[in-house]
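Here is the structure we will look at, set down as C-alpha coordinates.
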Amino acid sequence: MQEAGILGLGCYLPPKRLTNSDLEKIMDTSDEWIITRTGIKERRIASSEKATSDLGLEASRAAIKDAGLKPEDIDLIITATITPDMAFPATACIIQDKIGARNAAAFDINAACSGFVFALIIAQQFVNTGFYRNVLVVGAEKLTSIVDWKDRSTCILFGDGAGACVVGRSEDRRILSGFMGADGSGGHLLSVPAGGSRLPATEDTLKNGLHFLKMEGNEVFKIAVRIMVDAANKAIKKAGLELDDISLFIPHQANIRILLAVARRLGVPEEKIFMNIERYGNMSAASTAVALAEAGQQKKIKKGDNIVLVAFGGGLTYGAAVIKW
(Lines give C-alpha, C1' and ligand atoms only; values in the text may rest on other atoms or scores of the structure.)
Protein backbone atom coordinates (compact mmCIF):
# COMPACT_ATOMS: atom_id res chain seq x y z
CA MET A 1 0.00 0.00 0.00
CA GLN A 2 1.18 3.49 -0.91
CA GLU A 3 0.61 6.53 1.34
CA ALA A 4 -1.72 9.05 -0.31
CA GLY A 5 -1.25 12.70 0.53
CA ILE A 6 -2.00 16.13 -0.86
CA LEU A 7 0.75 17.35 -3.16
CA GLY A 8 -0.76 20.67 -4.17
CA LEU A 9 -3.74 22.96 -3.58
CA GLY A 10 -5.47 25.64 -5.62
CA CYS A 11 -8.68 27.61 -5.82
CA TYR A 12 -10.42 30.15 -8.02
CA LEU A 13 -13.15 32.67 -7.19
CA PRO A 14 -14.78 34.78 -9.91
CA PRO A 15 -13.94 38.47 -9.45
CA LYS A 16 -17.53 39.75 -9.37
CA ARG A 17 -19.00 40.14 -5.88
CA LEU A 18 -22.73 40.13 -5.15
CA THR A 19 -23.27 41.74 -1.75
CA ASN A 20 -26.32 41.66 0.48
CA SER A 21 -26.80 45.35 -0.33
CA ASP A 22 -26.99 44.41 -4.01
CA LEU A 23 -29.69 41.86 -3.20
CA GLU A 24 -31.67 44.45 -1.26
CA LYS A 25 -32.15 46.31 -4.53
CA ILE A 26 -33.75 43.39 -6.38
CA MET A 27 -35.79 41.58 -3.71
CA ASP A 28 -37.50 41.95 -0.35
CA THR A 29 -34.57 41.25 1.94
CA SER A 30 -31.97 43.06 4.02
CA ASP A 31 -28.30 42.78 4.89
CA GLU A 32 -29.19 42.26 8.56
CA TRP A 33 -31.74 39.54 7.77
CA ILE A 34 -29.27 37.58 5.63
CA ILE A 35 -26.32 37.90 8.02
CA THR A 36 -28.41 36.92 11.05
CA ARG A 37 -29.79 33.80 9.42
CA THR A 38 -26.83 32.68 7.30
CA GLY A 39 -23.63 34.55 8.19
CA ILE A 40 -23.18 35.49 4.52
CA LYS A 41 -22.16 39.03 3.55
CA GLU A 42 -21.32 38.46 -0.11
CA ARG A 43 -20.86 35.74 -2.70
CA ARG A 44 -18.98 35.43 -6.01
CA ILE A 45 -20.81 35.35 -9.33
CA ALA A 46 -19.35 33.94 -12.53
CA SER A 47 -20.00 35.85 -15.73
CA SER A 48 -22.55 34.56 -18.23
CA GLU A 49 -19.87 33.32 -20.66
CA LYS A 50 -18.12 31.21 -17.98
CA ALA A 51 -19.14 27.61 -17.24
CA THR A 52 -18.22 25.32 -14.34
CA SER A 53 -15.30 23.87 -16.30
CA ASP A 54 -13.80 27.35 -16.70
CA LEU A 55 -13.79 27.81 -12.91
CA GLY A 56 -12.41 24.31 -12.38
CA LEU A 57 -9.73 24.94 -15.00
CA GLU A 58 -8.22 27.84 -13.04
CA ALA A 59 -8.27 25.96 -9.73
CA SER A 60 -6.72 22.92 -11.43
CA ARG A 61 -3.88 24.92 -12.94
CA ALA A 62 -3.11 26.40 -9.51
CA ALA A 63 -3.12 22.99 -7.79
CA ILE A 64 -0.89 21.37 -10.42
CA LYS A 65 1.56 24.27 -10.21
CA ASP A 66 1.56 24.09 -6.39
CA ALA A 67 2.35 20.36 -6.63
CA GLY A 68 5.35 21.08 -8.86
CA LEU A 69 3.87 18.97 -11.64
CA LYS A 70 2.88 19.37 -15.28
CA PRO A 71 -0.56 18.52 -16.70
CA GLU A 72 1.00 15.51 -18.44
CA ASP A 73 1.84 14.07 -15.00
CA ILE A 74 -1.84 13.75 -14.03
CA ASP A 75 -3.20 10.19 -14.33
CA LEU A 76 -6.83 10.82 -13.36
CA ILE A 77 -9.18 13.78 -12.94
CA ILE A 78 -12.22 13.53 -10.67
CA THR A 79 -14.58 16.51 -10.74
CA ALA A 80 -17.27 16.87 -8.10
CA THR A 81 -20.13 19.08 -9.28
CA ILE A 82 -23.92 19.41 -9.45
CA THR A 83 -23.66 22.12 -12.11
CA PRO A 84 -21.83 20.39 -14.96
CA ASP A 85 -21.33 22.25 -18.20
CA MET A 86 -23.86 19.85 -19.72
CA ALA A 87 -25.40 16.44 -19.03
CA PHE A 88 -22.47 14.84 -20.83
CA PRO A 89 -19.59 14.73 -21.57
CA ALA A 90 -18.28 14.92 -18.02
CA THR A 91 -16.96 18.27 -16.89
CA ALA A 92 -13.78 16.43 -15.87
CA CYS A 93 -13.22 15.54 -19.53
CA ILE A 94 -13.64 19.18 -20.53
CA ILE A 95 -11.11 20.23 -17.87
CA GLN A 96 -8.75 17.47 -19.01
CA ASP A 97 -8.76 18.88 -22.54
CA LYS A 98 -8.41 22.50 -21.43
CA ILE A 99 -5.38 21.89 -19.20
CA GLY A 100 -3.73 19.47 -21.61
CA ALA A 101 -3.72 16.48 -19.25
CA ARG A 102 -3.57 14.11 -22.19
CA ASN A 103 -2.52 11.09 -20.11
CA ALA A 104 -5.40 11.34 -17.64
CA ALA A 105 -8.63 9.41 -17.37
CA ALA A 106 -11.52 11.62 -16.25
CA PHE A 107 -14.97 11.37 -14.73
CA ASP A 108 -17.47 13.37 -12.65
CA ILE A 109 -19.17 12.48 -9.39
CA ASN A 110 -22.42 13.93 -8.05
CA ALA A 111 -22.58 13.93 -4.27
CA ALA A 112 -23.70 17.58 -4.08
CA CYS A 113 -22.00 19.48 -1.24
CA SER A 114 -20.20 16.32 -0.07
CA GLY A 115 -18.67 15.90 -3.51
CA PHE A 116 -15.15 17.14 -2.84
CA VAL A 117 -14.78 14.99 0.28
CA PHE A 118 -16.10 11.95 -1.60
CA ALA A 119 -13.75 12.62 -4.53
CA LEU A 120 -10.78 13.02 -2.19
CA ILE A 121 -11.50 9.64 -0.60
CA ILE A 122 -11.87 8.02 -4.04
CA ALA A 123 -8.54 9.52 -5.11
CA GLN A 124 -6.93 8.16 -1.95
CA GLN A 125 -7.95 4.62 -2.92
CA PHE A 126 -6.43 4.90 -6.39
CA VAL A 127 -3.13 6.17 -5.00
CA ASN A 128 -2.97 3.81 -2.02
CA THR A 129 -3.36 0.77 -4.25
CA GLY A 130 -0.84 2.07 -6.77
CA PHE A 131 -3.43 2.12 -9.56
CA TYR A 132 -2.64 5.79 -10.26
CA ARG A 133 0.21 8.02 -9.16
CA ASN A 134 -1.20 11.56 -9.42
CA VAL A 135 -4.93 12.29 -9.16
CA LEU A 136 -6.41 15.75 -9.67
CA VAL A 137 -9.49 16.31 -7.51
CA VAL A 138 -11.72 19.25 -8.43
CA GLY A 139 -14.76 20.72 -6.69
CA ALA A 140 -16.37 23.28 -9.01
CA GLU A 141 -19.79 24.91 -9.16
CA LYS A 142 -21.72 27.63 -10.93
CA LEU A 143 -24.69 27.51 -8.59
CA THR A 144 -25.99 30.89 -9.72
CA SER A 145 -27.04 29.13 -12.92
CA ILE A 146 -29.61 26.98 -11.04
CA VAL A 147 -30.95 29.30 -8.33
CA ASP A 148 -34.33 31.02 -8.56
CA TRP A 149 -33.64 34.72 -8.07
CA LYS A 150 -37.29 35.20 -7.08
CA ASP A 151 -36.90 32.81 -4.12
CA ARG A 152 -35.19 34.80 -1.38
CA SER A 153 -34.99 31.78 0.92
CA THR A 154 -32.51 30.02 -1.39
CA CYS A 155 -30.88 32.48 -3.81
CA ILE A 156 -29.19 34.41 -0.99
CA LEU A 157 -27.26 31.29 0.04
CA PHE A 158 -25.30 30.31 -3.03
CA GLY A 159 -22.24 31.43 -4.98
CA ASP A 160 -19.78 30.26 -7.63
CA GLY A 161 -16.21 29.03 -7.31
CA ALA A 162 -13.79 26.12 -7.57
CA GLY A 163 -11.09 24.41 -5.55
CA ALA A 164 -8.71 21.61 -6.44
CA CYS A 165 -5.94 19.45 -5.07
CA VAL A 166 -3.49 16.90 -6.42
CA VAL A 167 -3.38 13.62 -4.51
CA GLY A 168 -0.27 11.46 -4.81
CA ARG A 169 2.28 9.51 -2.82
CA SER A 170 3.57 11.68 -0.02
CA GLU A 171 4.94 11.58 3.51
CA ASP A 172 3.38 14.96 4.22
CA ARG A 173 -0.28 16.06 4.25
CA ARG A 174 -1.27 12.40 4.35
CA ILE A 175 -4.92 11.35 4.13
CA LEU A 176 -5.28 9.16 7.21
CA SER A 177 -8.91 8.08 6.90
CA GLY A 178 -12.22 8.75 5.26
CA PHE A 179 -15.89 8.08 5.83
CA MET A 180 -18.78 8.33 3.35
CA GLY A 181 -22.50 7.90 3.98
CA ALA A 182 -25.88 8.51 2.38
CA ASP A 183 -29.57 8.53 3.23
CA GLY A 184 -31.56 8.50 0.02
CA SER A 185 -34.85 8.84 1.89
CA GLY A 186 -33.98 12.51 2.37
CA GLY A 187 -33.19 13.18 -1.27
CA HIS A 188 -36.36 15.22 -1.79
CA LEU A 189 -35.24 17.80 0.76
CA LEU A 190 -32.62 19.29 -1.58
CA SER A 191 -32.90 18.82 -5.33
CA VAL A 192 -33.36 20.19 -8.82
CA PRO A 193 -36.55 18.31 -9.80
CA ALA A 194 -36.48 18.66 -13.60
CA GLY A 195 -33.97 18.21 -16.38
CA GLY A 196 -33.33 14.49 -15.97
CA SER A 197 -35.08 11.38 -17.30
CA ARG A 198 -37.93 11.62 -14.77
CA LEU A 199 -38.92 15.15 -15.73
CA PRO A 200 -37.31 16.10 -19.06
CA ALA A 201 -37.44 19.76 -20.03
CA THR A 202 -40.89 20.85 -21.20
CA GLU A 203 -42.78 24.10 -21.36
CA ASP A 204 -44.50 23.19 -18.07
CA THR A 205 -41.28 22.36 -16.17
CA LEU A 206 -39.81 25.68 -17.29
CA LYS A 207 -42.95 27.63 -16.40
CA ASN A 208 -43.11 26.02 -12.95
CA GLY A 209 -39.45 26.69 -12.17
CA LEU A 210 -38.60 23.00 -11.74
CA HIS A 211 -35.10 23.48 -13.15
CA PHE A 212 -34.17 25.62 -10.15
CA LEU A 213 -32.73 24.39 -6.87
CA LYS A 214 -35.39 23.52 -4.28
CA MET A 215 -34.67 23.13 -0.57
CA GLU A 216 -36.63 22.46 2.60
CA GLY A 217 -34.28 24.49 4.73
CA ASN A 218 -35.56 23.71 8.23
CA GLU A 219 -35.47 19.96 7.68
CA VAL A 220 -32.02 20.11 6.08
CA PHE A 221 -30.71 22.13 9.03
CA LYS A 222 -31.85 19.58 11.61
CA ILE A 223 -30.34 16.65 9.72
CA ALA A 224 -27.13 18.44 8.69
CA VAL A 225 -25.83 19.05 12.20
CA ARG A 226 -26.37 15.46 13.28
CA ILE A 227 -24.85 13.78 10.25
CA MET A 228 -21.81 16.10 10.05
CA VAL A 229 -20.96 15.37 13.67
CA ASP A 230 -21.45 11.64 13.08
CA ALA A 231 -19.26 11.66 9.96
CA ALA A 232 -16.47 13.60 11.67
CA ASN A 233 -16.44 11.30 14.69
CA LYS A 234 -16.36 8.17 12.53
CA ALA A 235 -13.47 9.44 10.39
CA ILE A 236 -11.51 10.47 13.51
CA LYS A 237 -12.03 7.03 15.05
CA LYS A 238 -10.95 5.30 11.81
CA ALA A 239 -7.74 7.35 11.90
CA GLY A 240 -7.02 6.06 15.39
CA LEU A 241 -7.29 9.55 16.85
CA GLU A 242 -9.30 11.33 19.54
CA LEU A 243 -11.24 14.58 19.22
CA ASP A 244 -8.54 16.44 21.15
CA ASP A 245 -5.98 15.39 18.51
CA ILE A 246 -7.71 17.53 15.86
CA SER A 247 -6.27 21.01 15.35
CA LEU A 248 -8.77 22.32 12.80
CA PHE A 249 -12.14 21.34 11.35
CA ILE A 250 -12.87 22.47 7.78
CA PRO A 251 -16.60 21.96 7.25
CA HIS A 252 -18.81 22.52 4.25
CA GLN A 253 -19.75 26.20 4.35
CA ALA A 254 -23.54 25.93 4.29
CA ASN A 255 -24.79 28.26 7.00
CA ILE A 256 -23.12 29.92 9.99
CA ARG A 257 -25.74 28.52 12.35
CA ILE A 258 -25.03 24.98 11.15
CA LEU A 259 -21.28 25.46 11.60
CA LEU A 260 -21.66 26.82 15.13
CA ALA A 261 -24.13 24.06 16.04
CA VAL A 262 -21.64 21.44 14.80
CA ALA A 263 -18.93 23.01 16.97
CA ARG A 264 -21.20 22.90 20.02
CA ARG A 265 -22.25 19.30 19.36
CA LEU A 266 -18.63 18.22 18.92
CA GLY A 267 -17.63 20.17 22.00
CA VAL A 268 -14.84 22.11 20.26
CA PRO A 269 -14.16 25.87 20.46
CA GLU A 270 -15.32 28.07 17.61
CA GLU A 271 -11.72 28.98 16.74
CA LYS A 272 -11.14 25.36 15.70
CA ILE A 273 -13.75 25.72 12.94
CA PHE A 274 -12.48 27.26 9.69
CA MET A 275 -15.08 29.58 8.18
CA ASN A 276 -15.12 31.68 5.02
CA ILE A 277 -18.87 31.60 4.44
CA GLU A 278 -19.26 35.35 4.94
CA ARG A 279 -17.25 35.99 1.76
CA TYR A 280 -18.44 33.22 -0.54
CA GLY A 281 -21.70 31.72 0.69
CA ASN A 282 -22.47 28.09 -0.09
CA MET A 283 -20.56 26.83 -3.15
CA SER A 284 -21.66 23.19 -2.83
CA ALA A 285 -18.79 20.86 -3.86
CA ALA A 286 -16.44 23.84 -4.17
CA SER A 287 -16.95 25.03 -0.59
CA THR A 288 -14.76 22.50 1.22
CA ALA A 289 -12.19 22.56 -1.59
CA VAL A 290 -11.82 26.35 -1.45
CA ALA A 291 -11.78 26.34 2.36
CA LEU A 292 -8.99 23.74 2.41
CA ALA A 293 -6.91 25.72 -0.09
CA GLU A 294 -7.44 28.96 1.83
CA ALA A 295 -6.63 27.37 5.19
CA GLY A 296 -3.33 26.21 3.70
CA GLN A 297 -2.59 29.57 2.07
CA GLN A 298 -3.40 31.49 5.25
CA LYS A 299 -1.11 29.26 7.35
CA LYS A 300 -4.04 28.17 9.51
CA ILE A 301 -2.53 24.67 9.48
CA LYS A 302 0.94 23.82 10.77
CA LYS A 303 3.11 20.83 9.93
CA GLY A 304 2.02 17.89 12.07
CA ASP A 305 -1.54 19.17 12.59
CA ASN A 306 -4.46 16.80 12.19
CA ILE A 307 -7.37 18.36 10.31
CA VAL A 308 -10.86 17.13 9.46
CA LEU A 309 -12.83 17.92 6.31
CA VAL A 310 -16.54 17.26 6.83
CA ALA A 311 -19.54 17.88 4.60
CA PHE A 312 -23.17 17.05 3.92
CA GLY A 313 -25.23 17.59 0.80
CA GLY A 314 -28.17 16.65 -1.37
CA GLY A 315 -28.78 12.97 -1.67
CA LEU A 316 -28.62 13.13 1.28
CA THR A 317 -24.88 12.52 1.38
CA TYR A 318 -22.32 13.08 4.10
CA GLY A 319 -18.65 12.36 4.63
CA ALA A 320 -15.41 13.30 6.34
CA ALA A 321 -11.68 12.87 5.85
CA VAL A 322 -8.77 13.19 8.28
CA ILE A 323 -5.50 14.66 7.01
CA LYS A 324 -2.18 14.84 8.87
CA TRP A 325 -0.41 17.96 7.64
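Numbering starts fresh at 1 for the residues of each chain in the C-alpha coordinates, the chains themselves are lettered A, B, ... in the order given, and ligands are numbered from 1 as they appear.
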So which residues touch Gly115 of chain A within 8 Å, counting only C-alpha atoms, skipping near sequence neighbours fewer than 3 positions away, as a PDB file with N, CA and C atoms, in the first residue's frame?
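The resulting file, result-v6.pdb, is reproduced below:
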ATOM      1  N   ALA A  80     -16.033  16.917  -8.868  1.00  0.00           N
ATOM      2  CA  ALA A  80     -17.273  16.866  -8.099  1.00  0.00           C
ATOM      3  C   ALA A  80     -18.078  18.120  -8.419  1.00  0.00           C
ATOM      4  N   THR A  81     -19.297  17.936  -8.922  1.00  0.00           N
ATOM      5  CA  THR A  81     -20.131  19.079  -9.277  1.00  0.00           C
ATOM      6  C   THR A  81     -21.583  18.665  -9.409  1.00  0.00           C
ATOM      7  N   ILE A 109     -18.307  13.087 -10.390  1.00  0.00           N
ATOM      8  CA  ILE A 109     -19.174  12.478  -9.389  1.00  0.00           C
ATOM      9  C   ILE A 109     -20.188  13.523  -8.941  1.00  0.00           C
ATOM     10  N   ASN A 110     -21.360  13.043  -8.541  1.00  0.00           N
ATOM     11  CA  ASN A 110     -22.418  13.927  -8.053  1.00  0.00           C
ATOM     12  C   ASN A 110     -22.788  13.477  -6.646  1.00  0.00           C
ATOM     13  N   ALA A 111     -22.207  14.150  -5.663  1.00  0.00           N
ATOM     14  CA  ALA A 111     -22.582  13.932  -4.268  1.00  0.00           C
ATOM     15  C   ALA A 111     -22.929  15.276  -3.641  1.00  0.00           C
ATOM     16  N   ALA A 112     -23.318  16.230  -4.493  1.00  0.00           N
ATOM     17  CA  ALA A 112     -23.697  17.579  -4.078  1.00  0.00           C
ATOM     18  C   ALA A 112     -22.599  18.188  -3.209  1.00  0.00           C
ATOM     19  N   PHE A 118     -15.965  13.269  -0.964  1.00  0.00           N
ATOM     20  CA  PHE A 118     -16.096  11.954  -1.603  1.00  0.00           C
ATOM     21  C   PHE A 118     -14.990  11.736  -2.637  1.00  0.00           C
ATOM     22  N   ALA A 119     -14.754  12.745  -3.476  1.00  0.00           N
ATOM     23  CA  ALA A 119     -13.751  12.621  -4.533  1.00  0.00           C
ATOM     24  C   ALA A 119     -12.349  12.459  -3.955  1.00  0.00           C
ATOM     25  N   GLY A 139     -13.395  20.399  -7.097  1.00  0.00           N
ATOM     26  CA  GLY A 139     -14.757  20.721  -6.693  1.00  0.00           C
ATOM     27  C   GLY A 139     -15.111  22.052  -7.324  1.00  0.00           C
ATOM     28  N   SER A 284     -21.465  24.628  -2.656  1.00  0.00           N
ATOM     29  CA  SER A 284     -21.657  23.190  -2.826  1.00  0.00           C
ATOM     30  C   SER A 284     -20.311  22.461  -2.828  1.00  0.00           C
ATOM     31  N   ALA A 285     -20.026  21.663  -3.852  1.00  0.00           N
ATOM     32  CA  ALA A 285     -18.793  20.856  -3.861  1.00  0.00           C
ATOM     33  C   ALA A 285     -17.526  21.700  -3.807  1.00  0.00           C
TER      34      ALA A 285
END
Residues of segment 29-204 of chain A in strand (DSSP E) according to DSSP, as a ChimeraX atom specification? /A:42-44,76-80,105-109,134-142,160-169,174-182,190-191
Name the residues of segment 52-280 of chain A that fall into alpha helix (DSSP H) according to DSSP on the backbone, using the chain letters and numbers of this document, as a PyMOL selection string. chain A and resi 52-66+91-99+115-128+152-155+203-207+217-238+256-266+277-280
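Neighbours of segment 44-51 of chain A closer than or equal to 6 Å, with only C-alpha atoms counted and sequence neighbours fewer than 5 positions away skipped, come out as Pro14, Lys16, Arg17, Asp85, Gly159, Asp160 and Tyr280 of chain A.
Picture a line from atom CA of Val166 of chain A to atom CA of Phe116 of chain A; it runs 12.2 Å.
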Produce a table with one row for each residue of segment 232-257 of chain A that has an atom at most 9 Å from any atom of segment 34-42 of chain A, each row naming the nearest atom pair and its distance in Å at one decimal; use only C-alpha atoms; arrange rows by chain and rising residue number; format as a tab-separated table.
residue	atom	partner	partner_atom	distance
A:Ala254	CA	A:Thr38	CA	8.1
A:Asn255	CA	A:Thr38	CA	4.9
A:Ile256	CA	A:Gly39	CA	5.0
A:Arg257	CA	A:Thr38	CA	6.6
Selection file, N, CA and C atoms, as a PDB file, in the first residue's frame:
ATOM      1  N   ALA A 254     -22.128  25.868   4.674  1.00  0.00           N
ATOM      2  CA  ALA A 254     -23.536  25.926   4.292  1.00  0.00           C
ATOM      3  C   ALA A 254     -24.272  27.089   4.935  1.00  0.00           C
ATOM      4  N   ASN A 255     -24.034  27.292   6.223  1.00  0.00           N
ATOM      5  CA  ASN A 255     -24.793  28.258   7.004  1.00  0.00           C
ATOM      6  C   ASN A 255     -24.058  28.444   8.328  1.00  0.00           C
ATOM      7  N   ILE A 256     -23.872  29.676   8.762  1.00  0.00           N
ATOM      8  CA  ILE A 256     -23.118  29.922   9.986  1.00  0.00           C
ATOM      9  C   ILE A 256     -23.748  29.236  11.191  1.00  0.00           C
ATOM     10  N   ARG A 257     -25.082  29.148  11.211  1.00  0.00           N
ATOM     11  CA  ARG A 257     -25.742  28.517  12.350  1.00  0.00           C
ATOM     12  C   ARG A 257     -25.480  27.018  12.373  1.00  0.00           C
TER      13      ARG A 257
END
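Note that the spacing between atom CA of Arg226 of chain A and atom CA of Pro251 of chain A amounts to 13.2 Å.
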